[in-house]
$ cat coords.tsv   # TSV, C-alpha atoms
chain	number	residue	atom	x	y	z
L	117	MET	CA	0.00	0.00	0.00
L	118	ASN	CA	1.37	3.42	-0.89
L	119	ALA	CA	1.92	5.93	1.91
L	120	ALA	CA	-0.93	8.23	0.93
L	121	SER	CA	-3.59	5.52	0.85
L	122	GLU	CA	-2.27	3.83	3.99
L	123	THR	CA	-2.60	7.05	5.99
L	124	VAL	CA	-6.40	6.81	6.20
L	125	MET	CA	-6.13	3.46	8.00
L	126	GLN	CA	-3.43	4.41	10.51
L	127	PRO	CA	-4.42	4.23	14.19
L	128	GLY	CA	-4.08	7.96	14.79
L	129	HIS	CA	-6.00	9.12	11.72
L	130	ASP	CA	-9.14	11.10	12.58
L	131	ILE	CA	-12.11	10.26	10.39
L	132	ALA	CA	-13.43	13.84	10.70
L	133	ALA	CA	-11.08	14.91	7.91
L	134	GLU	CA	-13.04	12.85	5.39
L	135	VAL	CA	-16.62	13.78	6.41
L	136	SER	CA	-18.63	15.97	4.03
L	137	PHE	CA	-22.08	16.54	2.56
L	138	GLU	CA	-20.64	15.81	-0.86
L	139	LEU	CA	-19.63	12.31	0.18
L	140	GLU	CA	-23.05	11.58	1.66
L	141	GLU	CA	-24.75	12.85	-1.49
L	142	LEU	CA	-23.38	9.83	-3.34
L	143	ASP	CA	-25.51	7.46	-1.25
L	144	GLU	CA	-28.54	9.64	-1.84
L	145	LEU	CA	-28.06	9.54	-5.60
L	146	VAL	CA	-27.70	5.76	-5.62
L	147	ALA	CA	-30.82	5.53	-3.46
L	148	GLU	CA	-32.73	7.46	-6.12
L	149	LEU	CA	-31.52	5.03	-8.76
L	150	LEU	CA	-32.56	2.11	-6.56
L	151	THR	CA	-36.03	3.59	-6.17
L	152	ASP	CA	-36.33	3.61	-9.94
L	153	HIS	CA	-34.99	0.05	-10.13
L	154	ALA	CA	-37.49	-1.12	-7.52
L	155	GLU	CA	-40.24	-0.58	-10.09
L	156	HIS	CA	-38.59	-3.40	-12.07
L	157	SER	CA	-37.63	-5.61	-9.10
L	158	ALA	CA	-38.24	-4.51	-5.53
L	159	ARG	CA	-36.36	-7.49	-4.11
L	160	ASP	CA	-33.22	-6.91	-6.18
L	161	ALA	CA	-33.22	-3.21	-5.34
L	162	ARG	CA	-33.43	-4.14	-1.66
L	163	ILE	CA	-30.55	-6.60	-2.05
L	164	VAL	CA	-28.37	-3.82	-3.47
L	165	ALA	CA	-29.41	-1.45	-0.68
L	166	LEU	CA	-28.58	-3.99	2.01
L	167	ARG	CA	-25.29	-4.95	0.41
L	168	LEU	CA	-24.05	-1.37	0.04
L	169	GLY	CA	-25.51	-0.04	3.28
L	170	ILE	CA	-27.66	2.57	1.56
L	171	GLY	CA	-29.23	4.73	4.22
L	172	GLY	CA	-26.10	4.99	6.35
L	173	GLN	CA	-26.27	1.59	8.02
L	174	ARG	CA	-23.49	-0.97	7.77
L	175	PRO	CA	-23.22	-3.08	4.62
L	176	GLU	CA	-24.44	-6.65	5.00
L	177	THR	CA	-22.60	-9.80	3.93
L	178	LEU	CA	-23.99	-11.90	1.11
L	179	THR	CA	-24.61	-14.67	3.63
L	180	ARG	CA	-26.86	-12.53	5.81
L	181	ILE	CA	-28.77	-11.19	2.82
L	182	GLY	CA	-29.24	-14.75	1.60
L	183	ALA	CA	-30.62	-15.79	4.98
L	184	ARG	CA	-33.11	-12.93	4.80
L	185	TYR	CA	-34.45	-14.05	1.41
L	186	ASP	CA	-33.79	-17.81	1.72
L	187	LEU	CA	-31.24	-17.65	-1.09
L	188	ALA	CA	-27.80	-19.17	-1.50
L	189	ARG	CA	-24.85	-16.81	-1.14
L	190	ASP	CA	-23.84	-17.19	-4.79
L	191	ARG	CA	-27.41	-16.51	-5.92
L	192	VAL	CA	-27.42	-13.26	-3.96
L	193	ARG	CA	-24.17	-12.28	-5.69
L	194	GLN	CA	-25.72	-13.03	-9.09
L	195	LEU	CA	-28.82	-10.95	-8.37
L	196	TYR	CA	-26.70	-8.09	-7.04
L	197	THR	CA	-24.44	-8.07	-10.12
L	198	LYS	CA	-27.38	-8.18	-12.50
L	199	ALA	CA	-29.15	-5.34	-10.70
L	200	ILE	CA	-26.02	-3.15	-10.72
L	201	GLY	CA	-25.63	-3.65	-14.47
L	202	ARG	CA	-29.21	-2.61	-15.07
L	203	ILE	CA	-28.94	0.41	-12.75
L	204	VAL	CA	-25.82	1.69	-14.54
L	205	ARG	CA	-27.43	1.26	-17.96
L	206	GLU	CA	-30.67	2.96	-16.90
L	207	ALA	CA	-28.80	5.86	-15.31
L	208	ALA	CA	-26.88	6.45	-18.56
L	209	ARG	CA	-29.99	6.08	-20.71
L	210	SER	CA	-32.17	8.41	-18.62
L	211	GLY	CA	-29.55	11.14	-18.13
L	212	HIS	CA	-29.99	10.94	-14.35
L	213	ARG	CA	-28.40	13.79	-12.39
L	214	SER	CA	-26.03	11.31	-10.78
L	215	ALA	CA	-23.83	11.31	-13.90
L	216	ALA	CA	-22.62	14.89	-13.44
L	217	VAL	CA	-21.93	14.46	-9.71
L	218	PHE	CA	-20.00	11.19	-10.07
L	219	GLU	CA	-18.09	12.35	-13.15
L	220	HIS	CA	-16.96	15.49	-11.31
L	221	ARG	CA	-15.80	13.45	-8.32
L	222	TYR	CA	-14.14	10.65	-10.32
L	223	PRO	CA	-13.12	12.23	-13.65
L	224	ARG	CA	-12.34	9.83	-16.44
L	225	GLU	CA	-9.04	11.56	-17.13
L	226	ALA	CA	-7.84	11.01	-13.54
L	227	GLY	CA	-5.07	8.51	-13.09
L	228	ASP	CA	-5.53	5.24	-11.24
L	229	LEU	CA	-3.53	6.39	-8.21
L	230	ARG	CA	-5.66	9.49	-7.68
L	231	LEU	CA	-8.87	7.47	-7.95
L	232	VAL	CA	-7.64	4.75	-5.60
L	233	ARG	CA	-6.63	7.31	-2.98
L	234	ALA	CA	-10.03	9.02	-3.11
L	235	LEU	CA	-11.98	5.77	-3.00
L	236	LEU	CA	-9.92	4.43	-0.09
L	237	ALA	CA	-10.50	7.58	1.95
L	238	GLU	CA	-14.24	7.38	1.27
L	239	THR	CA	-14.33	3.70	2.21
L	240	TYR	CA	-12.68	4.44	5.55
L	241	ALA	CA	-14.90	7.43	6.33
L	242	THR	CA	-18.10	5.51	5.66
L	243	ASP	CA	-17.06	2.24	7.33
L	244	THR	CA	-17.76	0.25	4.15
L	245	ASP	CA	-14.57	-1.83	3.76
L	246	LEU	CA	-16.67	-4.98	3.44
L	247	VAL	CA	-17.98	-3.77	0.07
L	248	ALA	CA	-15.11	-1.53	-1.01
L	249	MET	CA	-14.83	-3.23	-4.38
L	250	GLU	CA	-18.56	-3.06	-5.08
L	251	TRP	CA	-18.87	0.59	-4.07
L	252	SER	CA	-15.75	1.62	-5.99
L	253	TYR	CA	-16.91	-0.14	-9.14
L	254	LEU	CA	-20.39	1.41	-8.99
L	255	LYS	CA	-19.05	4.93	-8.40
L	256	LEU	CA	-16.70	4.69	-11.37
L	257	ARG	CA	-19.32	3.22	-13.68
L	258	LEU	CA	-21.79	5.97	-12.79
L	259	ALA	CA	-18.99	8.46	-13.52
L	260	GLY	CA	-18.75	7.08	-17.04
L	261	HIS	CA	-15.65	4.90	-16.73
L	262	GLU	CA	-15.54	1.88	-18.99
L	263	GLN	CA	-16.34	-1.45	-17.35
L	264	ALA	CA	-12.79	-2.79	-17.65
L	265	ASP	CA	-11.31	0.40	-16.18
L	266	ALA	CA	-13.80	0.43	-13.30
L	267	LYS	CA	-13.03	-3.22	-12.49
L	268	ARG	CA	-9.30	-2.57	-12.56
L	269	VAL	CA	-9.38	0.43	-10.22
L	270	ALA	CA	-11.91	-1.22	-7.89
L	271	GLY	CA	-9.59	-4.22	-7.76
L	272	TYR	CA	-6.69	-1.96	-6.77
L	273	VAL	CA	-8.78	-0.51	-3.92
L	274	MET	CA	-9.54	-3.98	-2.60
L	275	GLN	CA	-5.91	-5.03	-2.98
L	276	ARG	CA	-4.85	-2.10	-0.77
L	277	ILE	CA	-7.37	-3.08	1.90
L	278	LEU	CA	-6.41	-6.75	1.80
L	279	GLY	CA	-2.75	-5.77	1.94
L	280	TRP	CA	-3.38	-3.67	5.04
L	281	GLN	CA	-5.29	-6.54	6.65
L	282	LYS	CA	-2.49	-9.04	5.97
L	283	LYS	CA	0.20	-6.64	7.15
L	284	THR	CA	-1.68	-5.93	10.37
L	285	ALA	CA	-2.36	-9.62	11.00
L	286	ALA	CA	1.32	-10.46	10.45
L	287	ILE	CA	2.48	-7.77	12.89
L	288	LEU	CA	0.04	-8.87	15.56
L	289	ALA	CA	0.85	-12.56	15.09
L	290	LYS	CA	4.53	-11.79	15.59
L	291	LEU	CA	4.23	-9.39	18.51
L	292	HIS	CA	0.95	-10.53	20.10
L	293	ALA	CA	0.38	-6.84	20.83
L	294	PRO	CA	0.20	-3.86	18.48
L	295	GLU	CA	3.13	-1.49	18.54
L	296	GLU	CA	0.84	1.36	17.54
L	297	ALA	CA	-2.73	1.52	18.76
L	298	ASP	CA	-5.16	4.19	19.77
L	299	ASP	CA	-5.10	4.99	23.48
L	300	LEU	CA	-8.43	4.08	25.04
L	301	ASP	CA	-8.01	6.46	27.98
L	302	PRO	CA	-9.46	9.56	26.19
L	303	LEU	CA	-12.68	7.61	25.54
L	304	LEU	CA	-13.33	6.64	29.16
L	305	PRO	CA	-14.88	9.98	30.26
L	306	ASP	CA	-17.49	9.67	27.48
L	307	ILE	CA	-18.86	6.35	28.72
L	308	GLU	CA	-22.46	6.54	30.00
L	309	TRP	CA	-22.52	4.32	33.09
L	310	SER	CA	-25.56	2.45	34.38
L	311	SER	CA	-26.49	1.58	37.93
L	312	GLY	CA	-27.58	-1.80	39.23
L	313	ALA	CA	-26.16	-5.30	39.05
L	314	THR	CA	-23.69	-5.94	36.25
L	315	ALA	CA	-24.41	-8.88	33.95
L	316	PRO	CA	-21.31	-10.96	33.10
L	317	LEU	CA	-19.30	-10.48	29.92
L	318	PRO	CA	-20.70	-12.70	27.13
L	319	THR	CA	-18.42	-15.54	26.09
L	320	ALA	CA	-19.49	-15.90	22.44
L	321	SER	CA	-20.47	-13.71	19.52
L	322	ALA	CA	-24.17	-13.43	18.72
L	323	ARG	CA	-23.28	-13.16	15.05
L	324	VAL	CA	-23.00	-16.75	13.84
L	325	ALA	CA	-24.70	-16.95	10.42
L	326	ASP	CA	-21.86	-15.17	8.66
L	327	GLY	CA	-19.18	-15.07	11.33
L	328	ASP	CA	-16.67	-16.80	9.06
L	329	ASP	CA	-17.62	-14.96	5.86
L	330	ASP	CA	-14.51	-14.66	3.67
L	331	GLY	CA	-15.20	-10.98	3.09
L	332	ARG	CA	-14.32	-10.18	6.69
L	333	GLY	CA	-10.80	-9.44	7.91
L	334	ARG	CA	-9.31	-11.27	10.89
L	335	PHE	CA	-6.29	-11.12	13.14
L	336	TYR	CA	-5.04	-12.72	16.33
L	337	LEU	CA	-5.60	-10.69	19.50
L	338	ALA	CA	-3.92	-11.69	22.74
L	339	LYS	CA	-6.74	-10.82	25.14
L	340	ALA	CA	-9.19	-12.90	23.14
L	341	GLY	CA	-6.63	-15.68	22.68
L	342	ARG	CA	-7.85	-16.36	19.16
L	343	ASP	CA	-8.40	-14.90	15.71
L	344	VAL	CA	-11.02	-12.15	15.78
L	345	ALA	CA	-13.06	-11.17	12.70
L	346	TYR	CA	-13.93	-7.60	11.73
L	347	ASP	CA	-15.73	-5.87	8.87
L	348	SER	CA	-13.78	-2.63	8.58
L	349	ALA	CA	-10.65	-0.70	9.48
L	350	LEU	CA	-12.68	1.28	12.01
L	351	MET	CA	-13.69	-1.91	13.81
L	352	ALA	CA	-10.09	-3.14	13.58
L	353	ARG	CA	-8.83	0.09	15.16
L	354	LEU	CA	-11.22	-0.32	18.07
L	355	LEU	CA	-10.30	-3.97	18.64
L	356	ARG	CA	-6.57	-3.18	18.53
L	357	SER	CA	-7.09	-0.38	21.04
L	358	LEU	CA	-8.91	-2.72	23.44
L	359	ASP	CA	-6.22	-5.37	23.04
L	360	ALA	CA	-3.45	-2.88	23.79
L	361	SER	CA	-5.10	-0.93	26.62
L	362	ALA	CA	-4.08	-1.63	30.21
L	363	ALA	CA	-7.56	-0.46	31.22
L	364	VAL	CA	-9.20	-3.45	29.48
L	365	ALA	CA	-9.08	-6.98	30.91
L	366	ALA	CA	-11.13	-8.84	28.28
L	367	PHE	CA	-13.66	-8.28	25.51
L	368	GLN	CA	-16.18	-10.05	23.30
L	369	GLU	CA	-16.94	-8.80	19.80
L	370	GLU	CA	-20.59	-8.53	18.65
L	371	PRO	CA	-21.95	-9.87	21.95
L	372	THR	CA	-25.66	-9.47	21.24
L	373	ALA	CA	-28.21	-9.30	18.41
L	374	LEU	CA	-30.76	-6.49	18.63
L	375	THR	CA	-33.86	-6.89	16.45
L	376	TYR	CA	-36.04	-3.97	15.41
L	377	GLN	CA	-38.17	-2.54	12.63
L	378	PHE	CA	-37.31	0.49	10.53
L	379	ALA	CA	-39.17	1.84	7.50
L	380	GLY	CA	-41.44	-1.20	7.56
L	381	ALA	CA	-38.60	-3.75	7.37
L	382	ASP	CA	-37.08	-6.11	9.94
L	383	HIS	CA	-33.45	-5.54	10.91
L	384	VAL	CA	-30.81	-7.07	13.16
L	385	HIS	CA	-28.04	-4.97	14.67
L	386	TYR	CA	-24.89	-6.29	16.31
L	387	PRO	CA	-23.17	-3.73	18.59
L	388	ALA	CA	-19.45	-3.93	18.01
L	389	VAL	CA	-17.93	-5.13	21.28
L	390	ALA	CA	-18.45	-5.56	25.03
L	391	ALA	CA	-15.29	-4.82	27.01
L	392	GLN	CA	-14.58	-5.67	30.63
L	393	LEU	CA	-12.37	-3.08	32.29
L	394	ALA	CA	-9.65	-3.89	34.80
L	395	ASP	CA	-11.92	-2.71	37.63
L	396	GLY	CA	-14.62	-5.24	36.66
L	397	ARG	CA	-17.04	-2.85	34.98
L	398	ILE	CA	-18.30	-3.71	31.49
L	399	VAL	CA	-18.96	-1.27	28.65
L	400	LEU	CA	-20.85	-1.93	25.41
L	401	ILE	CA	-19.17	-0.08	22.55
L	402	ASP	CA	-20.58	0.38	19.06
L	403	VAL	CA	-18.84	1.71	15.97
L	404	VAL	CA	-20.86	4.50	14.32
L	405	PRO	CA	-19.04	6.48	11.60
L	406	LEU	CA	-18.88	10.15	12.53
L	407	GLY	CA	-20.58	11.45	9.39
L	408	ARG	CA	-23.55	9.14	9.87
L	409	ILE	CA	-24.14	9.28	13.61
L	410	ALA	CA	-27.09	11.67	13.30
L	411	PHE	CA	-29.06	9.70	10.69
L	412	GLN	CA	-32.31	8.37	12.09
L	413	HIS	CA	-31.57	4.72	11.35
L	414	ASN	CA	-28.25	4.87	13.17
L	415	ARG	CA	-29.74	6.81	16.06
L	416	MET	CA	-32.31	4.04	16.47
L	417	GLN	CA	-29.51	1.46	16.59
L	418	THR	CA	-27.64	3.62	19.10
L	419	GLU	CA	-30.66	3.87	21.37
L	420	LEU	CA	-31.16	0.10	21.20
L	421	GLY	CA	-27.55	-0.42	22.24
L	422	ARG	CA	-27.82	2.12	25.05
L	423	THR	CA	-30.99	0.46	26.37
L	424	HIS	CA	-29.40	-3.00	26.22
L	425	ALA	CA	-26.37	-1.73	28.15
L	426	ARG	CA	-28.56	-0.07	30.77
L	427	GLU	CA	-30.62	-3.23	31.26
L	428	HIS	CA	-27.43	-5.23	31.85
L	429	GLY	CA	-25.80	-2.73	34.19
L	430	TRP	CA	-23.12	-1.91	31.65
L	431	GLY	CA	-21.69	1.35	30.40
L	432	TRP	CA	-22.41	2.57	26.88
L	433	LEU	CA	-20.16	4.27	24.32
L	434	ALA	CA	-20.72	5.15	20.66
L	435	TRP	CA	-17.27	5.28	19.00
L	436	THR	CA	-17.04	7.33	15.81
L	437	GLY	CA	-13.44	6.87	14.69
L	438	SER	CA	-12.84	10.47	15.72
L	439	ALA	CA	-12.03	12.60	18.75
L	440	LEU	CA	-15.54	13.94	18.11
L	441	GLY	CA	-18.26	11.78	19.61
L	442	PRO	CA	-21.97	12.41	20.29
L	443	ALA	CA	-21.24	14.55	23.36
L	444	GLN	CA	-18.79	16.75	21.48
L	445	LEU	CA	-21.13	17.12	18.51
L	446	MET	CA	-24.00	18.19	20.76
L	447	ARG	CA	-21.77	20.94	22.17
L	448	ARG	CA	-20.52	21.98	18.75
L	449	PRO	CA	-20.89	25.78	18.41
L	450	VAL	CA	-23.30	26.87	15.69
L	451	ASP	CA	-24.64	30.40	15.17
L	452	ALA	CA	-27.73	30.68	17.42
L	453	ALA	CA	-29.64	32.60	14.75
L	454	ILE	CA	-29.12	29.78	12.24
L	455	GLU	CA	-30.22	27.17	14.77
L	456	ALA	CA	-33.33	29.20	15.65
L	457	ARG	CA	-34.21	29.72	11.99
L	458	ILE	CA	-34.02	26.02	11.17
L	459	ALA	CA	-35.95	25.05	14.30
L	460	ASP	CA	-38.71	27.53	13.43
L	461	GLU	CA	-38.96	26.42	9.81
L	462	LEU	CA	-39.09	22.75	10.78
L	463	THR	CA	-42.16	23.39	12.91
L	464	GLN	CA	-43.89	24.42	9.67
L	465	GLY	CA	-42.84	21.27	7.82
L	466	PRO	CA	-39.79	19.12	6.97
L	467	TYR	CA	-36.89	20.02	4.71
L	468	ASP	CA	-36.47	17.90	1.61
L	469	ARG	CA	-33.17	17.61	-0.25
L	470	LEU	CA	-33.56	20.92	-2.09
L	471	ALA	CA	-34.63	22.86	1.00
L	472	LEU	CA	-31.72	21.47	2.99
L	473	ALA	CA	-29.30	22.33	0.20
L	474	ALA	CA	-30.63	25.89	0.13
L	475	VAL	CA	-30.12	26.34	3.87
L	476	ARG	CA	-26.61	24.95	3.62
L	477	SER	CA	-25.80	27.35	0.79
L	478	GLU	CA	-27.18	30.35	2.68
L	479	THR	CA	-25.66	29.57	6.08
L	480	GLY	CA	-22.45	27.69	5.33
L	481	LEU	CA	-23.40	24.79	7.60
L	482	ASP	CA	-21.20	21.74	7.14
L	483	LEU	CA	-22.26	18.16	7.78
L	484	LEU	CA	-20.89	18.06	11.33
L	485	ASP	CA	-22.63	21.34	12.19
L	486	LEU	CA	-25.94	19.88	11.09
L	487	ALA	CA	-25.25	16.59	12.87
L	488	GLY	CA	-24.68	18.50	16.09
L	489	LEU	CA	-27.93	20.42	15.67
L	490	VAL	CA	-29.85	17.21	14.96
L	491	LEU	CA	-28.56	15.55	18.12
L	492	ARG	CA	-29.02	18.64	20.27
L	493	ASN	CA	-32.59	19.32	19.14
L	494	ASP	CA	-33.68	15.70	18.63
L	495	TRP	CA	-34.55	16.38	14.99
L	496	GLN	CA	-35.08	13.44	12.65
L	497	TRP	CA	-32.63	13.21	9.77
L	498	GLU	CA	-33.69	10.50	7.37
L	499	ARG	CA	-31.17	9.35	4.84
L	500	THR	CA	-32.97	8.01	1.78
L	501	PRO	CA	-34.62	10.12	0.63
L	502	MET	CA	-32.99	13.03	2.42
L	503	ARG	CA	-35.48	14.56	4.83
L	504	LEU	CA	-34.99	16.68	7.97
L	505	SER	CA	-37.93	16.94	10.39
L	506	ALA	CA	-38.62	18.45	13.78
L	507	SER	CA	-38.89	16.26	16.84
L	508	PRO	CA	-42.42	14.78	16.99
L	509	SER	CA	-43.08	16.76	20.18
L	510	HIS	CA	-42.28	20.08	18.42
L	511	ARG	CA	-44.29	19.67	15.24
L	512	SER	CA	-47.26	21.89	14.62

$ encode --input "coords.tsv" --output "structure tokens"
Amino acid sequence: MNAASETVMQPGHDIAAEVSFELEELDELVAELLTDHAEHSARDARIVALRLGIGGQRPETLTRIGARYDLARDRVRQLYTKAIGRIVREAARSGHRSAAVFEHRYPREAGDLRLVRALLAETYATDTDLVAMEWSYLKLRLAGHEQADAKRVAGYVMQRILGWQKKTAAILAKLHAPEEADDLDPLLPDIEWSSGATAPLPTASARVADGDDDGRGRFYLAKAGRDVAYDSALMARLLRSLDASAAVAAFQEEPTALTYQFAGADHVHYPAVAAQLADGRIVLIDVVPLGRIAFQHNRMQTELGRTHAREHGWGWLAWTGSALGPAQLMRRPVDAAIEARIADELTQGPYDRLALAAVRSETGLDLLDLAGLVLRNDWQWERTPMRLSASPSHRS
């Protein structure tokens, strides 16, 4: 991996540098294309959405998607590939607005190295390593790159990620402890602690259907005494930090399965890890990418995790891959007049994509500013389609 692309996966790299409205707009555009595709095949459009994590949630493995639809893993892959081909062709035929946005971001005259660097940074910021090849290929195709070129560059992106995984696994296997890992100590003050009796640390992962999926990375961690699987560099960073921290005695990745409904569909969420501290207390930690922490779907998952932790007498922490967490975002300074204006307008009705874009243009709000306002005011920020609404208790 070259130095520039490796930087975004280093332990000390702050994900905040990669967060932007422009990056999130890409998901929104693909969601529009999926809505159109759903008229042809609702199931296949849903398979693509689940696989890519459209809406801000984590991408799902082919195995889990297959279990949802009672399909073999290879059949899911076939349906996904066929749907992507049709979506790309229809986008080109219809002149969808996505073409201009993707072409500007991934110009056809750009060299492979420039494209790989950009796509790697976006993968890391959105916590989508599991489908880095699929996302990279789709972005390039929508930008007008030829199929062979898109496959080549997407392959390079995946090679970089696999190279990082192998390098990390080799270092840990040799040393049994990472030489460089994030310090957990700065996170401890942000833990929300519960009262009452503490349930014991789980001894097995709740995620079994696809626990050994070959799309997941894995490395040996000393405190677990075994190979541990992970879906992304963000999750790997967290696990390495727990393994290296003197404050942590033991941990169990994906210790529980939380079931819920969102937008009329059934979902299962696996919080990232439960960690037992040296003093005996246990904290449930979930990985929520910084740029997506305020989206309604992710906030629902966060609240489920917080409730589960409280019921078990554990602490709770949402880890964003950044020094900025929910508490810091809620305290983020934003012009009071801008906040009051948005709050007042939302009582009259929600913002759609165009209304939100207009406010951003007029006020200069960036994505983290808006995320802070959403958390502070309990607004509802839905991802696909983009919609910002007042808290139910403040609507007229």

$ closest_residue --input "coords.tsv" --among "L:Arg342, L:Arg276, L:His424, L:His153" --to "Ile401 in chain L" --atoms "all atoms listed in the file"
L:His424

$ closest_residue --input "coords.tsv" --among "L:Leu486, L:Ala373, L:Met502, L:Val269" --to "Asp143 in chain L" --atoms "all atoms listed in the file"
L:Met502

$ closest_atom_pairs --input "coords.tsv" --of "range 281-358 of chain L" --to "range 237-243 of chain L" --cutoff "9 Å" --atoms "all atoms listed in the file" --output "Markdown table"
| residue | atom | partner | partner_atom | distance |
| --- | --- | --- | --- | --- |
| L:Asp347 | CA | L:Asp243 | CA | 8.4 |
| L:Ser348 | CA | L:Asp243 | CA | 6.0 |
| L:Ala349 | CA | L:Tyr240 | CA | 6.8 |
| L:Leu350 | CA | L:Asp243 | CA | 6.5 |
| L:Met351 | CA | L:Asp243 | CA | 8.4 |

$ atom_distance --input "coords.tsv" --atom1 "CA of Val490 in chain L" --atom2 "CA of Ala410 in chain L"
6.4 Å

$ residues_around --input "coords.tsv" --residues "range 280-285 of chain L" --least-positions-apart "5" --cutoff "7 Å" --atoms "only C-alpha atoms" --output "count of residues only"
3

$ closest_residue --input "coords.tsv" --among "L:Val217, L:Gln392, L:Ser311, L:Arg184" --to "Glu140 in chain L" --atoms "all atoms listed in the file"
L:Val217

$ closest_residue --input "coords.tsv" --among "L:Ala345, L:Leu150, L:Leu166, L:Arg268" --to "Met249 in chain L" --atoms "all atoms listed in the file"
L:Arg268

$ residues_near_point --input "coords.tsv" --point "(-23.9, -12.9, 3.8)" --cutoff "9 Å" --atoms "all atoms listed in the file" --output "ChimeraX atom specification"
/L:167,176-183,189,192,325-326,329,331

$ atom_distance --input "coords.tsv" --atom1 "CA of Ala286 in chain L" --atom2 "CA of Arg353 in chain L"
15.4 Å

$ closest_residue --input "coords.tsv" --among "L:Pro371, L:Gly437, L:Gly407, L:Pro449" --to "Leu489 in chain L" --atoms "only C-alpha atoms"
L:Pro449

$ atom_distance --input "coords.tsv" --atom1 "CA of Val404 in chain L" --atom2 "CA of Ala434 in chain L"
6.4 Å

$ closest_residue --input "coords.tsv" --among "L:Val450, L:Leu374, L:Ala226, L:Ala320" --to "Leu420 in chain L" --atoms "only C-alpha atoms"
L:Leu374

$ residues_around --input "coords.tsv" --residues "Thr500 in chain L" --least-positions-apart "4" --cutoff "8 Å" --atoms "only C-alpha atoms" --output "list in words"
Glu144, Ala147, Glu148, Ile170 and Gly171 of chain L

$ decode --input "coords.tsv" --residues "range 394-398 of chain L" --atoms "all heavy atoms" --output "PDB file, in the first residue's frame"
ATOM      1  N   ALA L 394     -10.465  -3.284  33.745  1.00  0.00           N
ATOM      2  CA  ALA L 394      -9.649  -3.889  34.798  1.00  0.00           C
ATOM      3  C   ALA L 394     -10.333  -3.821  36.152  1.00  0.00           C
ATOM      4  O   ALA L 394     -10.075  -4.666  37.017  1.00  0.00           O
ATOM      5  CB  ALA L 394      -8.285  -3.192  34.843  1.00  0.00           C
ATOM      6  N   ASP L 395     -11.226  -2.832  36.340  1.00  0.00           N
ATOM      7  CA  ASP L 395     -11.919  -2.713  37.634  1.00  0.00           C
ATOM      8  C   ASP L 395     -13.202  -3.548  37.691  1.00  0.00           C
ATOM      9  O   ASP L 395     -13.957  -3.478  38.657  1.00  0.00           O
ATOM     10  CB  ASP L 395     -12.244  -1.243  37.933  1.00  0.00           C
ATOM     11  CG  ASP L 395     -13.166  -0.605  36.902  1.00  0.00           C
ATOM     12  OD1 ASP L 395     -13.731  -1.338  36.055  1.00  0.00           O
ATOM     13  OD2 ASP L 395     -13.322   0.631  36.930  1.00  0.00           O
ATOM     14  N   GLY L 396     -13.470  -4.340  36.649  1.00  0.00           N
ATOM     15  CA  GLY L 396     -14.624  -5.237  36.659  1.00  0.00           C
ATOM     16  C   GLY L 396     -15.837  -4.700  35.932  1.00  0.00           C
ATOM     17  O   GLY L 396     -16.745  -5.475  35.606  1.00  0.00           O
ATOM     18  N   ARG L 397     -15.900  -3.415  35.692  1.00  0.00           N
ATOM     19  CA  ARG L 397     -17.041  -2.854  34.979  1.00  0.00           C
ATOM     20  C   ARG L 397     -17.009  -3.267  33.508  1.00  0.00           C
ATOM     21  O   ARG L 397     -15.947  -3.538  32.954  1.00  0.00           O
ATOM     22  CB  ARG L 397     -17.050  -1.324  35.088  1.00  0.00           C
ATOM     23  CG  ARG L 397     -17.294  -0.808  36.493  1.00  0.00           C
ATOM     24  CD  ARG L 397     -17.306   0.712  36.531  1.00  0.00           C
ATOM     25  NE  ARG L 397     -16.017   1.280  36.118  1.00  0.00           N
ATOM     26  CZ  ARG L 397     -15.797   2.579  35.946  1.00  0.00           C
ATOM     27  NH1 ARG L 397     -16.785   3.448  36.137  1.00  0.00           N
ATOM     28  NH2 ARG L 397     -14.606   3.011  35.585  1.00  0.00           N
ATOM     29  N   ILE L 398     -18.182  -3.317  32.895  1.00  0.00           N
ATOM     30  CA  ILE L 398     -18.301  -3.711  31.490  1.00  0.00           C
ATOM     31  C   ILE L 398     -18.933  -2.565  30.707  1.00  0.00           C
ATOM     32  O   ILE L 398     -19.881  -1.921  31.184  1.00  0.00           O
ATOM     33  CB  ILE L 398     -19.144  -4.994  31.345  1.00  0.00           C
ATOM     34  CG1 ILE L 398     -18.423  -6.167  32.009  1.00  0.00           C
ATOM     35  CG2 ILE L 398     -19.423  -5.305  29.870  1.00  0.00           C
ATOM     36  CD1 ILE L 398     -19.240  -7.450  32.041  1.00  0.00           C
TER      37      ILE L 398
END
